[in-house]
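Report on the following structure.
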Amino acid sequence: DGDTARAALANGPIGGAAARTFADGVHFGTALAMKDLVLATKTTELPALEAVLADYRRAADDPALAQADISRAAARIRTP
């Protein structure tokens, strides 16, 4: 479930990025989040993070979200 996934991510190497994803007004750009996810997935096989990276890549394809706060991209990703 979502709470379990959030707790697992918060306690892992991308805990800061995971926390920013669910915060409001953190002023951390979507492109920077993607950079961090790319670095994390280059070092080891992390299927969950690879899925997150794919979601952020799709969000960043929208020019309005590429430099926008990560919370806006996360909201777009969570919208079915």
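Please note that chains go A, B, ... in the order of the structure tokens, that every chain numbers its residues from 1, and that ligands are numbered from 1 in the order shown.
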
Polymer residues at most 7 Å from Ile70 of chain A, only C-alpha atoms, same-chain spacing of 3 or more positions, as a list in words: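 What passes the distance filter is Thr21, Phe28, Gly29, Thr30, Ala73 and Ala74 of chain A.
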
Extract, using only C-alpha atoms, all DNA, RNA and protein residues at most 10 Å from segment 36-47 of chain A, discarding same-chain residues fewer than 4 positions from it, and format them as a tab-separated table (two decimals) with N, CA and C atoms, in the first residue's frame.
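File produced: result-v2.tsv:
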```tsv
chain	number	residue	atom	x	y	z
A	13	PRO	N	17.99	5.20	0.39
A	13	PRO	CA	18.96	6.19	-0.09
A	13	PRO	C	18.34	7.44	-0.72
A	14	ILE	N	17.07	7.37	-1.06
A	14	ILE	CA	16.43	8.57	-1.63
A	14	ILE	C	15.38	9.12	-0.67
A	17	ALA	N	14.41	12.78	-1.24
A	17	ALA	CA	13.57	12.99	-2.43
A	17	ALA	C	12.16	12.48	-2.18
A	30	THR	N	11.60	19.12	-10.76
A	30	THR	CA	11.38	17.77	-11.28
A	30	THR	C	12.62	17.25	-11.99
A	31	ALA	N	13.29	18.11	-12.74
A	31	ALA	CA	14.51	17.70	-13.45
A	31	ALA	C	15.59	17.25	-12.47
A	32	LEU	N	15.70	17.93	-11.33
A	32	LEU	CA	16.68	17.52	-10.31
A	32	LEU	C	16.31	16.18	-9.69
A	51	ALA	N	10.65	2.34	-11.92
A	51	ALA	CA	9.26	2.68	-12.22
A	51	ALA	C	8.98	4.14	-11.87
A	52	VAL	N	9.50	4.60	-10.73
A	52	VAL	CA	9.33	5.99	-10.33
A	52	VAL	C	10.01	6.92	-11.35
A	53	LEU	N	11.20	6.54	-11.77
A	53	LEU	CA	11.92	7.34	-12.76
A	53	LEU	C	11.12	7.45	-14.05
A	54	ALA	N	10.51	6.35	-14.49
A	54	ALA	CA	9.69	6.40	-15.70
A	54	ALA	C	8.52	7.37	-15.53
A	56	TYR	N	8.44	10.02	-13.52
A	56	TYR	CA	8.96	11.39	-13.52
A	56	TYR	C	9.41	11.82	-14.92
```

Nearest-residue call for Arg20 of chain A, choices A:Asp55, A:Gln67, A:Ala33, A:Gly2, using only C-alpha atoms: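 Counting only C-alpha atoms, the residue closest to Arg20 of chain A is A:Ala33.
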
Quick check for you: according to DSSP on this backbone, which residues of chain A are classed as helix (DSSP H, G or I)? Reply as JSON, numbers by chain. {"A": [2, 3, 4, 5, 6, 7, 8, 9, 10, 15, 16, 17, 18, 19, 20, 21, 30, 31, 32, 33, 34, 35, 36, 37, 38, 39, 40, 41, 42, 43, 47, 48, 49, 50, 51, 52, 53, 54, 55, 56, 57, 58, 59, 60, 63, 64, 65, 66, 70, 71, 72, 73, 74, 75, 76, 77, 78]}

Taking 4 positions as the minimum chain separation for residues in the same chain, which residues sit within 10 Å of segment 3-11 of chain A when counting only C-alpha atoms? Answer as number ranges by chain. A: 15-22, 48-49

So, with only C-alpha atoms as the atoms that count, which of A:Pro63, A:Met34, A:Glu50, A:Ala23 lies closest to Ala75 of chain A?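 Residue with the minimum atom-to-atom distance to Ala75 of chain A: A:Ala23.
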
Between atom CA of Ser71 of chain A and atom CA of Lys35 of chain A, distance in Å (one decimal):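 Rounded to one decimal, the two atoms are 15.7 Å apart.
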